[in-house]
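What follows is the content of upload.cif (mmCIF, C-alpha atoms).
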data_final
#
loop_
_atom_site.label_atom_id
_atom_site.label_comp_id
_atom_site.auth_asym_id
_atom_site.auth_seq_id
_atom_site.Cartn_x
_atom_site.Cartn_y
_atom_site.Cartn_z
CA MET V 208 -21.61 65.86 -20.26
CA SER V 209 -21.29 66.14 -16.48
CA ALA V 210 -22.03 69.37 -14.66
CA ALA V 211 -19.17 71.67 -13.56
CA ILE V 212 -20.40 71.35 -9.97
CA GLU V 213 -22.91 68.87 -8.72
CA VAL V 214 -23.98 68.57 -5.08
CA ARG V 215 -26.29 65.73 -4.05
CA ASP V 216 -27.98 65.69 -0.66
CA LEU V 217 -24.98 67.23 1.12
CA ARG V 218 -25.16 67.12 4.91
CA PHE V 219 -22.64 68.53 7.35
CA ARG V 220 -22.50 68.93 11.09
CA TYR V 221 -19.70 70.83 12.83
CA GLY V 222 -17.85 69.14 15.68
CA GLU V 223 -19.57 71.27 18.30
CA GLY V 224 -22.99 70.11 17.06
CA THR V 225 -24.19 72.88 14.75
CA GLU V 226 -25.99 71.33 11.82
CA ALA V 227 -24.72 73.56 9.02
CA LEU V 228 -26.01 71.75 5.93
CA ARG V 229 -29.12 69.57 5.92
CA GLY V 230 -29.37 67.90 2.56
CA VAL V 231 -28.28 70.44 -0.07
CA SER V 232 -28.65 69.54 -3.75
CA PHE V 233 -27.99 71.60 -6.87
CA SER V 234 -25.95 71.54 -10.01
CA ILE V 235 -24.13 74.17 -12.03
CA ALA V 236 -23.47 73.78 -15.74
CA GLU V 237 -20.19 74.75 -17.36
CA GLY V 238 -19.93 78.48 -18.09
CA GLU V 239 -22.84 79.40 -15.84
CA CYS V 240 -22.63 82.24 -13.32
CA VAL V 241 -24.72 81.42 -10.28
CA GLY V 242 -25.46 83.50 -7.18
CA LEU V 243 -25.65 81.85 -3.77
CA ILE V 244 -27.70 83.98 -1.40
CA GLY V 245 -29.24 83.58 2.01
CA PRO V 246 -29.14 85.09 5.50
CA ASN V 247 -26.10 85.07 7.80
CA GLY V 248 -25.45 81.61 9.13
CA ALA V 249 -27.39 79.91 6.34
CA GLY V 250 -24.40 77.70 5.54
CA LYS V 251 -23.05 79.51 2.48
CA SER V 252 -19.40 79.57 3.57
CA THR V 253 -19.58 75.98 4.82
CA LEU V 254 -20.95 74.92 1.45
CA LEU V 255 -18.13 76.70 -0.38
CA LEU V 256 -15.49 75.00 1.77
CA HIS V 257 -16.91 71.67 0.61
CA LEU V 258 -16.23 72.59 -3.01
CA ASN V 259 -12.53 72.50 -2.18
CA GLY V 260 -12.67 69.58 0.23
CA LEU V 261 -11.47 71.81 3.06
CA LEU V 262 -13.40 70.19 5.92
CA PRO V 263 -11.51 67.00 6.75
CA GLU V 264 -14.56 65.41 8.41
CA SER V 265 -16.47 65.64 5.14
CA LEU V 266 -13.91 63.56 3.25
CA LYS V 267 -14.86 60.44 5.15
CA GLY V 268 -17.50 58.21 3.64
CA GLU V 269 -19.22 58.67 0.32
CA SER V 270 -18.85 62.03 -1.39
CA SER V 271 -21.86 64.23 -2.12
CA VAL V 272 -19.88 66.80 -4.10
CA PHE V 273 -18.78 66.31 -7.69
CA VAL V 274 -16.54 68.60 -9.73
CA ASP V 275 -16.64 67.88 -13.47
CA GLY V 276 -18.03 64.50 -12.51
CA THR V 277 -15.14 63.72 -10.12
CA PRO V 278 -16.24 63.01 -6.54
CA VAL V 279 -14.38 65.11 -3.95
CA THR V 280 -12.49 62.58 -1.83
CA ALA V 281 -9.12 62.45 -0.10
CA ASP V 282 -7.62 60.98 -3.30
CA THR V 283 -8.94 63.63 -5.68
CA LEU V 284 -8.28 66.65 -3.45
CA HIS V 285 -5.42 68.10 -5.45
CA GLU V 286 -7.17 67.65 -8.78
CA VAL V 287 -10.32 69.30 -7.39
CA ARG V 288 -8.44 72.20 -5.83
CA ARG V 289 -6.66 72.83 -9.11
CA LYS V 290 -9.98 73.04 -10.94
CA VAL V 291 -11.90 75.04 -8.36
CA GLY V 292 -10.38 78.41 -7.40
CA LEU V 293 -11.71 79.66 -4.07
CA LEU V 294 -11.68 83.34 -3.07
CA PHE V 295 -11.95 83.64 0.70
CA GLN V 296 -14.08 86.11 2.59
CA ASP V 297 -11.27 87.67 4.64
CA ALA V 298 -8.38 88.82 2.46
CA ASN V 299 -6.00 88.57 5.41
CA ASP V 300 -6.55 84.84 5.57
CA GLN V 301 -5.63 84.42 1.95
CA LEU V 302 -2.65 86.77 1.69
CA PHE V 303 -0.07 84.92 3.72
CA CYS V 304 3.16 85.90 1.94
CA PRO V 305 5.39 88.91 2.63
CA THR V 306 5.12 90.29 -0.92
CA VAL V 307 2.36 90.39 -3.53
CA PHE V 308 4.54 88.55 -6.03
CA GLU V 309 5.16 85.62 -3.71
CA ASP V 310 1.51 85.45 -2.81
CA VAL V 311 0.26 85.32 -6.37
CA ALA V 312 3.09 82.92 -7.24
CA PHE V 313 2.10 80.55 -4.42
CA GLY V 314 -0.42 78.52 -6.42
CA PRO V 315 1.71 78.19 -9.57
CA GLN V 316 4.66 77.18 -7.37
CA GLN V 317 2.57 74.41 -5.83
CA LEU V 318 1.76 73.28 -9.38
CA GLY V 319 5.50 72.83 -9.93
CA LEU V 320 5.82 75.31 -12.80
CA SER V 321 9.16 76.73 -13.92
CA GLU V 322 10.44 80.15 -12.77
CA ALA V 323 9.67 81.74 -16.14
CA GLU V 324 6.16 80.29 -16.29
CA ILE V 325 5.47 81.44 -12.73
CA ARG V 326 6.63 84.97 -13.54
CA GLU V 327 4.43 85.00 -16.62
CA ARG V 328 1.40 83.77 -14.70
CA VAL V 329 1.88 86.34 -11.93
CA THR V 330 2.21 89.23 -14.38
CA GLY V 331 -0.84 88.01 -16.30
CA ALA V 332 -2.95 87.44 -13.19
CA LEU V 333 -2.13 90.87 -11.72
CA ALA V 334 -3.07 92.48 -15.02
CA ARG V 335 -6.34 90.56 -15.17
CA ALA V 336 -7.12 91.60 -11.60
CA GLY V 337 -6.54 95.22 -12.57
CA ILE V 338 -3.40 95.81 -10.49
CA PRO V 339 -0.46 95.45 -12.89
CA GLY V 340 2.95 96.21 -11.40
CA PHE V 341 2.01 95.40 -7.78
CA GLU V 342 4.61 92.61 -7.52
CA ALA V 343 6.92 94.20 -4.95
CA ARG V 344 4.21 95.61 -2.65
CA ALA V 345 3.68 94.25 0.86
CA PRO V 346 0.14 92.88 1.40
CA HIS V 347 -0.18 94.48 4.84
CA HIS V 348 0.27 97.95 3.36
CA LEU V 349 -2.53 97.63 0.81
CA SER V 350 -6.09 98.91 1.05
CA VAL V 351 -9.01 96.49 1.39
CA GLY V 352 -9.84 96.88 -2.29
CA GLU V 353 -6.29 96.23 -3.38
CA LYS V 354 -6.02 93.23 -1.07
CA ARG V 355 -9.16 91.77 -2.59
CA ARG V 356 -7.67 92.15 -6.06
CA VAL V 357 -4.42 90.49 -5.02
CA CYS V 358 -6.48 87.59 -3.65
CA LEU V 359 -8.31 87.35 -6.96
CA ALA V 360 -4.99 87.43 -8.82
CA GLY V 361 -3.70 84.64 -6.57
CA VAL V 362 -6.67 82.48 -7.52
CA LEU V 363 -6.55 83.37 -11.24
CA ALA V 364 -2.84 82.52 -11.37
CA CYS V 365 -3.80 78.89 -10.72
CA GLU V 366 -5.94 79.03 -13.91
CA PRO V 367 -8.97 77.29 -12.42
CA SER V 368 -11.88 76.22 -14.59
CA ILE V 369 -14.39 77.12 -11.88
CA LEU V 370 -14.30 80.24 -9.73
CA VAL V 371 -15.97 80.18 -6.31
CA LEU V 372 -16.20 83.51 -4.49
CA ASP V 373 -17.17 84.13 -0.88
CA GLU V 374 -18.50 87.69 -0.41
CA PRO V 375 -16.28 89.22 -3.11
CA SER V 376 -17.78 92.71 -2.81
CA SER V 377 -18.01 93.05 0.98
CA SER V 378 -16.40 96.18 2.46
CA LEU V 379 -15.52 97.57 -0.96
CA ASP V 380 -16.34 101.17 -1.81
CA PRO V 381 -18.89 101.76 -4.61
CA ARG V 382 -16.22 102.24 -7.22
CA GLY V 383 -14.35 99.15 -6.05
CA ARG V 384 -17.61 97.20 -6.29
CA ARG V 385 -18.30 98.44 -9.78
CA GLU V 386 -14.79 97.58 -10.93
CA LEU V 387 -14.97 94.15 -9.33
CA LYS V 388 -18.20 93.40 -11.19
CA GLU V 389 -16.52 94.43 -14.43
CA LEU V 390 -13.51 92.19 -13.69
CA LEU V 391 -15.72 89.22 -12.90
CA ARG V 392 -17.77 89.77 -16.02
CA GLN V 393 -14.60 89.50 -18.07
CA ILE V 394 -13.59 86.17 -16.58
CA PRO V 395 -15.39 83.73 -18.85
CA ILE V 396 -15.31 80.61 -16.63
CA THR V 397 -17.97 78.97 -14.47
CA LYS V 398 -18.67 81.07 -11.37
CA LEU V 399 -20.46 80.56 -8.08
CA ILE V 400 -20.76 83.74 -6.02
CA ALA V 401 -21.92 83.70 -2.40
CA THR V 402 -22.96 87.22 -1.44
CA HIS V 403 -25.38 89.60 0.26
CA ASP V 404 -24.84 92.07 -2.56
CA LEU V 405 -28.07 91.44 -4.46
CA GLU V 406 -27.35 94.18 -6.99
CA LEU V 407 -24.24 92.25 -7.96
CA VAL V 408 -26.30 89.09 -8.33
CA VAL V 409 -28.78 90.87 -10.60
CA GLU V 410 -25.99 92.19 -12.78
CA LEU V 411 -23.80 89.09 -13.04
CA CYS V 412 -25.76 85.94 -12.32
CA SER V 413 -28.33 84.34 -14.58
CA ARG V 414 -29.49 81.99 -11.85
CA VAL V 415 -29.63 82.06 -8.04
CA ILE V 416 -29.73 79.50 -5.29
CA VAL V 417 -31.32 80.60 -2.00
CA LEU V 418 -29.93 78.83 1.06
CA ASP V 419 -31.50 79.10 4.51
CA GLU V 420 -30.88 77.06 7.64
CA GLY V 421 -28.73 74.62 5.72
CA SER V 422 -31.21 73.82 2.95
CA VAL V 423 -31.84 75.08 -0.55
CA VAL V 424 -35.20 76.84 -0.21
CA ALA V 425 -35.45 78.08 -3.78
CA GLN V 426 -33.48 78.16 -7.01
CA GLY V 427 -34.22 79.59 -10.44
CA PRO V 428 -33.71 82.53 -12.81
CA THR V 429 -32.36 85.58 -10.97
CA VAL V 430 -34.94 88.20 -11.92
CA GLU V 431 -37.87 85.89 -11.30
CA LEU V 432 -36.67 84.81 -7.84
CA LEU V 433 -35.41 88.15 -6.58
CA SER V 434 -38.65 89.85 -7.66
CA ASP V 435 -40.62 87.53 -5.38
CA GLU V 436 -40.80 89.96 -2.50
CA GLU V 437 -42.48 87.54 -0.13
CA LEU V 438 -39.83 84.87 -0.67
CA MET V 439 -37.04 87.41 -0.23
CA LEU V 440 -38.40 88.80 3.04
CA ARG V 441 -39.06 85.33 4.43
CA HIS V 442 -35.35 84.59 4.18
CA ASN V 443 -33.99 87.86 5.58
CA LEU V 444 -33.36 89.18 2.07
CA GLU V 445 -34.99 91.95 0.06
CA LYS V 446 -36.04 92.75 -3.45
CA PRO V 447 -33.04 94.58 -4.94
CA HIS V 448 -33.47 98.20 -5.86
CA ALA V 449 -32.45 97.48 -9.45
CA LEU V 450 -35.58 95.39 -9.91
CA ARG V 451 -37.95 98.04 -8.57
CA HIS V 452 -37.54 100.48 -11.44
CA LEU V 453 -37.50 99.94 -15.12
CA HIS V 454 -35.29 102.91 -15.90
CA PRO V 455 -31.56 102.25 -16.22
CA HIS V 456 -29.25 103.43 -13.43
CA MET X 222 2.38 100.24 19.01
CA ARG X 223 2.23 101.73 15.56
CA HIS X 224 1.45 99.47 12.67
CA ASP X 225 4.55 100.30 10.69
CA PHE X 226 6.87 100.11 13.68
CA LEU X 227 8.44 96.91 12.39
CA ASP X 228 9.61 97.89 8.96
CA ARG X 229 9.23 101.62 8.61
CA TYR X 230 12.90 102.11 7.74
CA SER X 231 13.71 98.92 5.85
CA ARG X 232 12.75 100.48 2.51
CA LEU X 233 14.76 103.72 2.80
CA ASP X 234 17.34 104.52 0.18
CA SER X 235 20.96 104.61 1.39
CA PRO X 236 24.30 102.97 0.53
CA ILE X 237 23.58 100.38 3.23
CA HIS X 238 20.04 99.71 2.00
CA ARG X 239 21.35 99.19 -1.52
CA LEU X 240 23.83 96.45 -0.51
CA PRO X 241 22.77 92.94 -1.57
CA PRO X 242 20.75 91.31 1.27
CA ALA X 243 23.04 88.26 1.28
CA VAL X 244 26.07 90.45 1.94
CA LYS X 245 24.31 92.16 4.83
CA LEU X 246 23.14 88.90 6.34
CA VAL X 247 26.62 87.36 6.17
CA SER X 248 28.27 90.47 7.63
CA ALA X 249 25.74 90.68 10.43
CA LEU X 250 26.22 87.03 11.35
CA ALA X 251 30.01 87.44 11.19
CA LEU X 252 29.87 90.50 13.46
CA VAL X 253 27.68 88.73 16.00
CA LEU X 254 30.00 85.73 16.00
CA ALA X 255 33.04 87.99 16.44
CA VAL X 256 31.44 89.85 19.34
CA VAL X 257 30.55 86.60 21.07
CA LEU X 258 33.84 84.80 20.46
CA LEU X 259 36.49 87.50 20.93
CA PRO X 260 38.39 87.22 24.26
CA PRO X 261 36.77 89.35 26.97
CA SER X 262 40.22 90.45 28.21
CA ARG X 263 40.51 92.87 25.29
CA PRO X 264 37.63 95.38 25.38
CA VAL X 265 39.35 97.19 22.46
CA PHE X 266 37.80 94.66 20.07
CA LEU X 267 34.33 95.50 21.29
CA ALA X 268 35.05 99.19 20.90
CA ALA X 269 36.17 98.56 17.31
CA VAL X 270 32.96 96.68 16.49
CA ALA X 271 30.97 99.49 18.08
CA VAL X 272 32.68 102.03 15.84
CA VAL X 273 31.94 99.94 12.74
CA LEU X 274 28.27 99.65 13.71
CA LEU X 275 27.98 103.36 14.41
CA VAL X 276 29.44 104.16 10.99
CA VAL X 277 26.97 101.76 9.34
CA ALA X 278 24.15 103.31 11.33
CA GLY X 279 25.21 106.78 10.20
CA LEU X 280 25.37 105.72 6.56
CA SER X 281 21.98 104.03 6.74
CA ARG X 282 20.15 107.34 7.34
CA ILE X 283 17.90 105.75 9.94
CA PRO X 284 17.11 108.50 12.47
CA TRP X 285 19.23 108.04 15.61
CA PRO X 286 16.32 108.29 18.09
CA ALA X 287 14.48 105.50 16.25
CA LEU X 288 17.54 103.28 16.37
CA LEU X 289 18.14 103.99 20.04
CA TRP X 290 14.52 103.36 20.90
CA ARG X 291 14.57 99.95 19.21
CA VAL X 292 17.68 98.89 21.09
CA ILE X 293 16.29 100.14 24.40
CA LEU X 294 13.08 98.18 23.86
CA LEU X 295 15.09 94.97 23.59
CA GLU X 296 17.47 95.84 26.42
CA PRO X 297 15.33 94.40 29.30
CA PHE X 298 15.97 90.88 28.01
CA VAL X 299 19.71 91.53 28.11
CA LEU X 300 19.65 93.13 31.55
CA GLY X 301 17.53 90.31 32.94
CA VAL X 302 20.27 87.84 32.18
CA ALA X 303 23.25 90.11 32.84
CA ILE X 304 22.06 91.02 36.33
CA LEU X 305 22.70 87.44 37.43
CA ALA X 306 26.41 88.13 36.90
CA LEU X 307 26.34 90.66 39.75
CA PHE X 308 25.80 87.89 42.28
CA GLN X 309 29.32 86.51 41.95
CA PRO X 310 32.69 87.93 43.06
CA GLY X 311 34.07 90.46 40.59
CA GLY X 312 30.66 90.46 38.91
CA TRP X 313 30.74 94.09 37.86
CA ARG X 314 33.27 93.55 35.13
CA LEU X 315 31.42 90.50 33.86
CA PHE X 316 28.15 92.41 33.97
CA LEU X 317 29.54 95.27 31.91
CA ILE X 318 31.05 92.97 29.32
CA LEU X 319 27.84 90.95 29.03
CA VAL X 320 25.79 94.10 28.56
CA ALA X 321 28.25 95.51 26.04
CA ARG X 322 28.36 92.30 24.01
CA SER X 323 24.60 91.77 23.97
CA THR X 324 23.93 95.39 23.12
CA LEU X 325 26.32 95.20 20.17
CA CYS X 326 24.60 92.02 18.95
CA LEU X 327 21.20 93.69 19.31
CA LEU X 328 22.38 96.76 17.47
CA THR X 329 23.68 94.57 14.64
CA MET X 330 20.35 92.78 14.26
CA VAL X 331 18.36 96.00 14.59
CA LEU X 332 20.49 97.53 11.84
CA LEU X 333 20.11 94.45 9.64
CA SER X 334 16.34 94.31 9.99
CA ASN X 335 15.95 98.05 9.46
CA THR X 336 18.05 98.20 6.32
CA THR X 337 16.74 95.05 4.62
CA PRO X 338 13.09 94.23 3.86
CA PHE X 339 12.19 91.00 5.61
CA ALA X 340 11.04 89.43 2.34
CA ASP X 341 14.58 89.87 0.97
CA LEU X 342 16.10 88.14 3.99
CA LEU X 343 13.70 85.24 3.51
CA ARG X 344 14.71 84.98 -0.12
CA VAL X 345 18.35 84.71 0.92
CA LEU X 346 17.52 82.00 3.44
CA ARG X 347 15.63 80.12 0.74
CA ALA X 348 18.54 80.48 -1.68
CA TRP X 349 20.85 79.11 1.02
CA ARG X 350 18.61 76.06 1.17
CA MET X 351 17.49 76.54 4.74
CA PRO X 352 14.74 74.03 5.62
CA ALA X 353 11.58 75.10 3.75
CA LEU X 354 9.40 74.60 6.80
CA LEU X 355 11.53 77.04 8.82
CA VAL X 356 11.45 79.70 6.11
CA THR X 357 7.67 79.29 5.65
CA THR X 358 7.13 79.59 9.40
CA LEU X 359 9.25 82.75 9.55
CA SER X 360 7.44 84.24 6.60
CA LEU X 361 4.00 83.52 8.07
CA MET X 362 5.14 84.91 11.42
CA TYR X 363 6.23 88.16 9.81
CA ARG X 364 3.08 88.45 7.73
CA TYR X 365 0.63 87.86 10.58
CA LEU X 366 2.44 89.99 13.11
CA PHE X 367 0.80 92.93 11.34
CA VAL X 368 -2.63 91.35 11.38
CA LEU X 369 -2.20 90.58 15.07
CA VAL X 370 -1.13 94.13 15.87
CA ASP X 371 -4.11 95.45 13.91
CA GLU X 372 -6.47 93.12 15.66
CA ALA X 373 -5.11 93.98 19.11
CA GLN X 374 -5.41 97.65 18.27
CA ARG X 375 -9.02 97.28 17.15
CA MET X 376 -9.92 95.41 20.33
CA GLN X 377 -8.10 98.01 22.38
CA ARG X 378 -10.08 100.80 20.76
CA ALA X 379 -13.38 98.98 21.10
CA ARG X 380 -12.63 98.49 24.78
CA ALA X 381 -11.51 102.08 25.28
CA SER X 382 -14.66 103.42 23.67
CA ARG X 383 -16.71 101.72 26.39
CA THR X 384 -14.41 102.43 29.32
CA PHE X 385 -15.85 105.39 31.18
CA THR X 386 -14.25 105.14 34.60
CA PRO X 387 -10.79 103.68 34.28
CA ARG X 388 -9.94 101.57 37.32
CA ARG X 389 -6.69 99.72 37.56
CA ARG X 390 -8.03 96.39 38.69
CA TRP X 391 -10.56 96.39 35.90
CA ALA X 392 -7.93 97.37 33.39
CA TRP X 393 -5.87 94.31 34.28
CA ARG X 394 -8.84 92.04 34.12
CA THR X 395 -9.95 93.30 30.70
CA MET X 396 -6.35 93.06 29.52
CA ALA X 397 -6.41 89.37 30.38
CA THR X 398 -9.64 88.95 28.38
CA VAL X 399 -8.16 90.78 25.41
CA VAL X 400 -5.06 88.59 25.44
CA SER X 401 -7.06 85.37 25.64
CA GLN X 402 -9.42 86.58 22.90
CA LEU X 403 -6.44 87.39 20.75
CA PHE X 404 -5.12 83.90 21.29
CA ILE X 405 -8.42 82.25 20.34
CA ARG X 406 -8.85 84.47 17.28
CA SER X 407 -5.29 83.74 16.17
CA SER X 408 -5.76 80.01 16.35
CA GLU X 409 -9.03 80.25 14.43
CA ARG X 410 -7.33 82.44 11.86
CA ALA X 411 -4.51 79.92 11.59
CA GLU X 412 -7.09 77.32 10.58
CA ARG X 413 -8.56 79.59 7.93
CA ILE X 414 -5.10 80.45 6.59
CA TYR X 415 -4.26 76.78 6.35
CA ALA X 416 -7.51 76.24 4.41
CA ALA X 417 -6.57 79.08 2.06
CA MET X 418 -3.14 77.54 1.53
CA CYS X 419 -4.68 74.13 0.79
CA ALA X 420 -7.12 75.74 -1.63
CA ARG X 421 -4.18 76.82 -3.72
CA GLY X 422 -2.55 73.42 -3.70
CA TRP X 423 -0.31 73.46 -0.60
CA ARG X 424 0.95 70.01 0.25
#
Could you render the structure from this file as structure tokens?
Amino acid sequence: MSAAIEVRDLRFRYGEGTEALRGVSFSIAEGECVGLIGPNGAGKSTLLLHLNGLLPESLKGESSVFVDGTPVTADTLHEVRRKVGLLFQDANDQLFCPTVFEDVAFGPQQLGLSEAEIRERVTGALARAGIPGFEARAPHHLSVGEKRRVCLAGVLACEPSILVLDEPSSSLDPRGRRELKELLRQIPITKLIATHDLELVVELCSRVIVLDEGSVVAQGPTVELLSDEELMLRHNLEKPHALRHLHPH
Amino acid sequence: MRHDFLDRYSRLDSPIHRLPPAVKLVSALALVLAVVLLPPSRPVFLAAVAVVLLVVAGLSRIPWPALLWRVILLEPFVLGVAILALFQPGGWRLFLILVARSTLCLLTMVLLSNTTPFADLLRVLRAWRMPALLVTTLSLMYRYLFVLVDEAQRMQRARASRTFTPRRRWAWRTMATVVSQLFIRSSERAERIYAAMCARGWR
């Protein structure tokens, strides 16, 4: 069986010359929840964009990214984007409709579903994201936490088989973070989470990939890797508090 | 500019707010057409339209000062054009009629947009089979107006917090920087929004 996500020697250079990815390779099995960590500017967001084929330059030539065994190319874009749901870092980029309903319905509409099916998916997705009944609200009047949930609902409404999240817990309050972790735990599909929130990684991810300066510098079981204080400090990270004590929090 | 300036009143509850959006849109368009097309020799017509609008405004429960303020804000555009009429013989009459007509049209649109949530208007346009690209553009414009206002406000505050000796020339120069920054940020944001749309299957 092919891996849910497979990346082989992925290289990418931005137009202005920045070499963002210098030969990244890893693979994620179906059902796995993997953390992607690394300092600012390591290439995490660039890597995630590749999983949806969102950098037009990268679609030229041979593909280094495979989703369920399918190479990401100009011809497979729509299939890949249907399978891989991407949650963006800035909620304002993702919420582009005047009402929550329309925003969550956007994906299903693009899939060409019927009115009734769309309504059903929106209601279901809002409930799964923990904000039932938000249909008529205007995105610009929501709090950061609520916006994040609407974004998540918008992605879930497309019923992806792989969820890719870019900084899902950033600028959330502690309670929002806790609830988000609970929500993510209840979504049983393959997940790749790029984040600086190492506590979240410890709680949700069984495996981590450490990215620095465009290369994978380490990957392995979460607890083992994050406990390696020297490795963590070398890459602008730190050993999470949760791994310092044995008592439960 | 306050963040909720644009649609603070569009979700009030009044007989006018409860009317179906399609009805309001049609009536508003009809009124504007009437104001523009009625013969200028009969100012009575304009007075009649004014009375209708004032009644609607009263029923809508939008505070009068707010309504007035919105019309005044848009008035410079009208005056800019109308003033040209003064440069011809008998221009005064023409000037007055131009101002009256444009003000009535403005008042109509201000009333429409303050009694109907923008999302509802867009839905009507979609139902009327307006070109999808136009409706999408309008909807994105409305949505990101708020983000833009927020962003401008944040930059304004950040600048103010480091302005210790306000000098006019400096103020203008920094204003220019803020505007250009806003432009660059908007175009970068547009790219990210497009990516987000593609990620959910936009084609």
For this structure, which residues satisfy the selection - the PyMOL selection byres ((chain V) within 6 of (chain X)) - when it is evaluated on the file as given? I want them as a ChimeraX atom specification. /V:288,300-301,305,314,317
Ground truth for the PyMOL selection byres ((chain X and resi 253) around 12), written as JSON, numbers by chain: {"X": [246, 247, 248, 249, 250, 251, 252, 254, 255, 256, 257, 258, 259, 267, 270, 271, 274, 322, 323, 324, 325, 326, 327, 328, 329, 330, 331, 333]}
Take the PyMOL selection byres ((chain V and resi 377) around 9), apply it to the structure above, and return the hits as an mmCIF file with C-alpha atoms, keeping the file's coordinate frame.
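Below you can see expr_15.cif, which holds the result:
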data_model
loop_
_atom_site.group_PDB
_atom_site.id
_atom_site.type_symbol
_atom_site.label_atom_id
_atom_site.label_comp_id
_atom_site.auth_asym_id
_atom_site.auth_seq_id
_atom_site.Cartn_x
_atom_site.Cartn_y
_atom_site.Cartn_z
ATOM 1 C CA GLN V 296 -14.080 86.110 2.590
ATOM 2 C CA GLU V 374 -18.500 87.690 -0.410
ATOM 3 C CA PRO V 375 -16.280 89.220 -3.110
ATOM 4 C CA SER V 376 -17.780 92.710 -2.810
ATOM 5 C CA SER V 378 -16.400 96.180 2.460
ATOM 6 C CA LEU V 379 -15.520 97.570 -0.960
ATOM 7 C CA ASP V 380 -16.340 101.170 -1.810
ATOM 8 C CA ARG V 384 -17.610 97.200 -6.290
ATOM 9 C CA THR V 402 -22.960 87.220 -1.440
ATOM 10 C CA HIS V 403 -25.380 89.600 0.260
ATOM 11 C CA ASP V 404 -24.840 92.070 -2.560
#
With distances taken over all atoms listed in the file, which of V:Arg355, V:Arg215, V:His442, V:Arg344 is nearest to Phe295 in chain V?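 Using all atoms listed in the file, the shortest distance to Phe295 in chain V belongs to V:Arg355.
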Length of the CA of Ile400 in chain V to CA of Gly242 in chain V vector [Å]: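 The value is 4.8 Å.
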Work out how far CA of Ile283 in chain X is from CA of Leu240 in chain X, in Å to one decimal. 15.2 Å
Do a neighbour search on Ala425 in chain V at 10 Å with only C-alpha atoms, toss out local chain neighbours closer than 4 positions, and write the hits as a list in words.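 Neighbouring residues, sequence-local ones excluded: Val415, Ile416, Val417, Leu418, Asp419, Leu432 and Leu438 of chain V.
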Take the residues from that selection and write them out as a tab-separated table (two decimals), keeping the file's coordinate frame, keeping C-alpha atoms.
chain	number	residue	atom	x	y	z
V	415	VAL	CA	-29.63	82.06	-8.04
V	416	ILE	CA	-29.73	79.50	-5.29
V	417	VAL	CA	-31.32	80.60	-2.00
V	418	LEU	CA	-29.93	78.83	1.06
V	419	ASP	CA	-31.50	79.10	4.51
V	432	LEU	CA	-36.67	84.81	-7.84
V	438	LEU	CA	-39.83	84.87	-0.67
Ser231 in chain X environment, 6 Å, all atoms listed in the file, sequence neighbours closer than 4 positions dropped, as a PyMOL selection string: chain X and resi 335-338
Nearby residues (all atoms listed in the file) at most 10 Å from Asn443 in chain V, same-chain spacing under 2 positions excluded, as a list of chain:residue names: V:Gly245, V:Pro246, V:Asn247, V:Asp419, V:Leu438, V:Met439, V:Leu440, V:Arg441, V:Glu445
Kindly export the residues of the current selection with C-alpha atoms, as a short mmCIF file (atom, residue, chain, number, x, y, z; two decimals), keeping the file's coordinate frame.
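The result, written out as out_3.cif:
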data_model
loop_
_atom_site.label_atom_id
_atom_site.label_comp_id
_atom_site.auth_asym_id
_atom_site.auth_seq_id
_atom_site.Cartn_x
_atom_site.Cartn_y
_atom_site.Cartn_z
CA GLY V 245 -29.24 83.58 2.01
CA PRO V 246 -29.14 85.09 5.50
CA ASN V 247 -26.10 85.07 7.80
CA ASP V 419 -31.50 79.10 4.51
CA LEU V 438 -39.83 84.87 -0.67
CA MET V 439 -37.04 87.41 -0.23
CA LEU V 440 -38.40 88.80 3.04
CA ARG V 441 -39.06 85.33 4.43
CA GLU V 445 -34.99 91.95 0.06
#
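Atom pair CA of Arg326 in chain V / CA of Asp234 in chain X has a distance of 26.2 Å (rounded to one decimal).
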Nearest to Ala364 in chain V by atom-to-atom distance, counting only C-alpha atoms, from V:Ala227, V:Val311, V:Leu284, V:Ala345: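 Nearest to Ala364 in chain V: V:Val311.
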Using all atoms listed in the file, find all polymer residues with an atom at most 10 Å away from the point (13.4, 81.9, -8.2); report them as a PyMOL selection string. (chain V and resi 316+321-323+325-326) or (chain X and resi 344+347-348)
Can those selected residues be exported to a file as a compact mmCIF listing (two decimals), keeping the file's coordinate frame so that it contains C-alpha atoms?
# COMPACT_ATOMS: atom_id res chain seq x y z
CA GLN V 316 4.66 77.18 -7.37
CA SER V 321 9.16 76.73 -13.92
CA GLU V 322 10.44 80.15 -12.77
CA ALA V 323 9.67 81.74 -16.14
CA ILE V 325 5.47 81.44 -12.73
CA ARG V 326 6.63 84.97 -13.54
CA ARG X 344 14.71 84.98 -0.12
CA ARG X 347 15.63 80.12 0.74
CA ALA X 348 18.54 80.48 -1.68
Could you list, as a PyMOL selection string, every residue within 10 Å of Gly340 in chain V, counting all atoms listed in the file and ignoring same-chain residues fewer than 3 positions away? chain V and resi 307-308+329-330+333-334+337+343-344
Output of range 394-403 of chain X limited to C-alpha atoms, as an mmCIF file, in the first residue's frame:
data_model
loop_
_atom_site.group_PDB
_atom_site.id
_atom_site.type_symbol
_atom_site.label_atom_id
_atom_site.label_comp_id
_atom_site.auth_asym_id
_atom_site.auth_seq_id
_atom_site.Cartn_x
_atom_site.Cartn_y
_atom_site.Cartn_z
ATOM 1 C CA ARG X 394 5.687 61.268 4.346
ATOM 2 C CA THR X 395 4.801 58.452 6.750
ATOM 3 C CA MET X 396 1.267 58.477 5.377
ATOM 4 C CA ALA X 397 2.697 57.768 1.941
ATOM 5 C CA THR X 398 4.705 54.852 3.382
ATOM 6 C CA VAL X 399 1.641 53.467 5.123
ATOM 7 C CA VAL X 400 -0.411 53.619 1.939
ATOM 8 C CA SER X 401 2.262 51.903 -0.132
ATOM 9 C CA GLN X 402 2.764 49.263 2.566
ATOM 10 C CA LEU X 403 -0.951 48.659 2.606
#
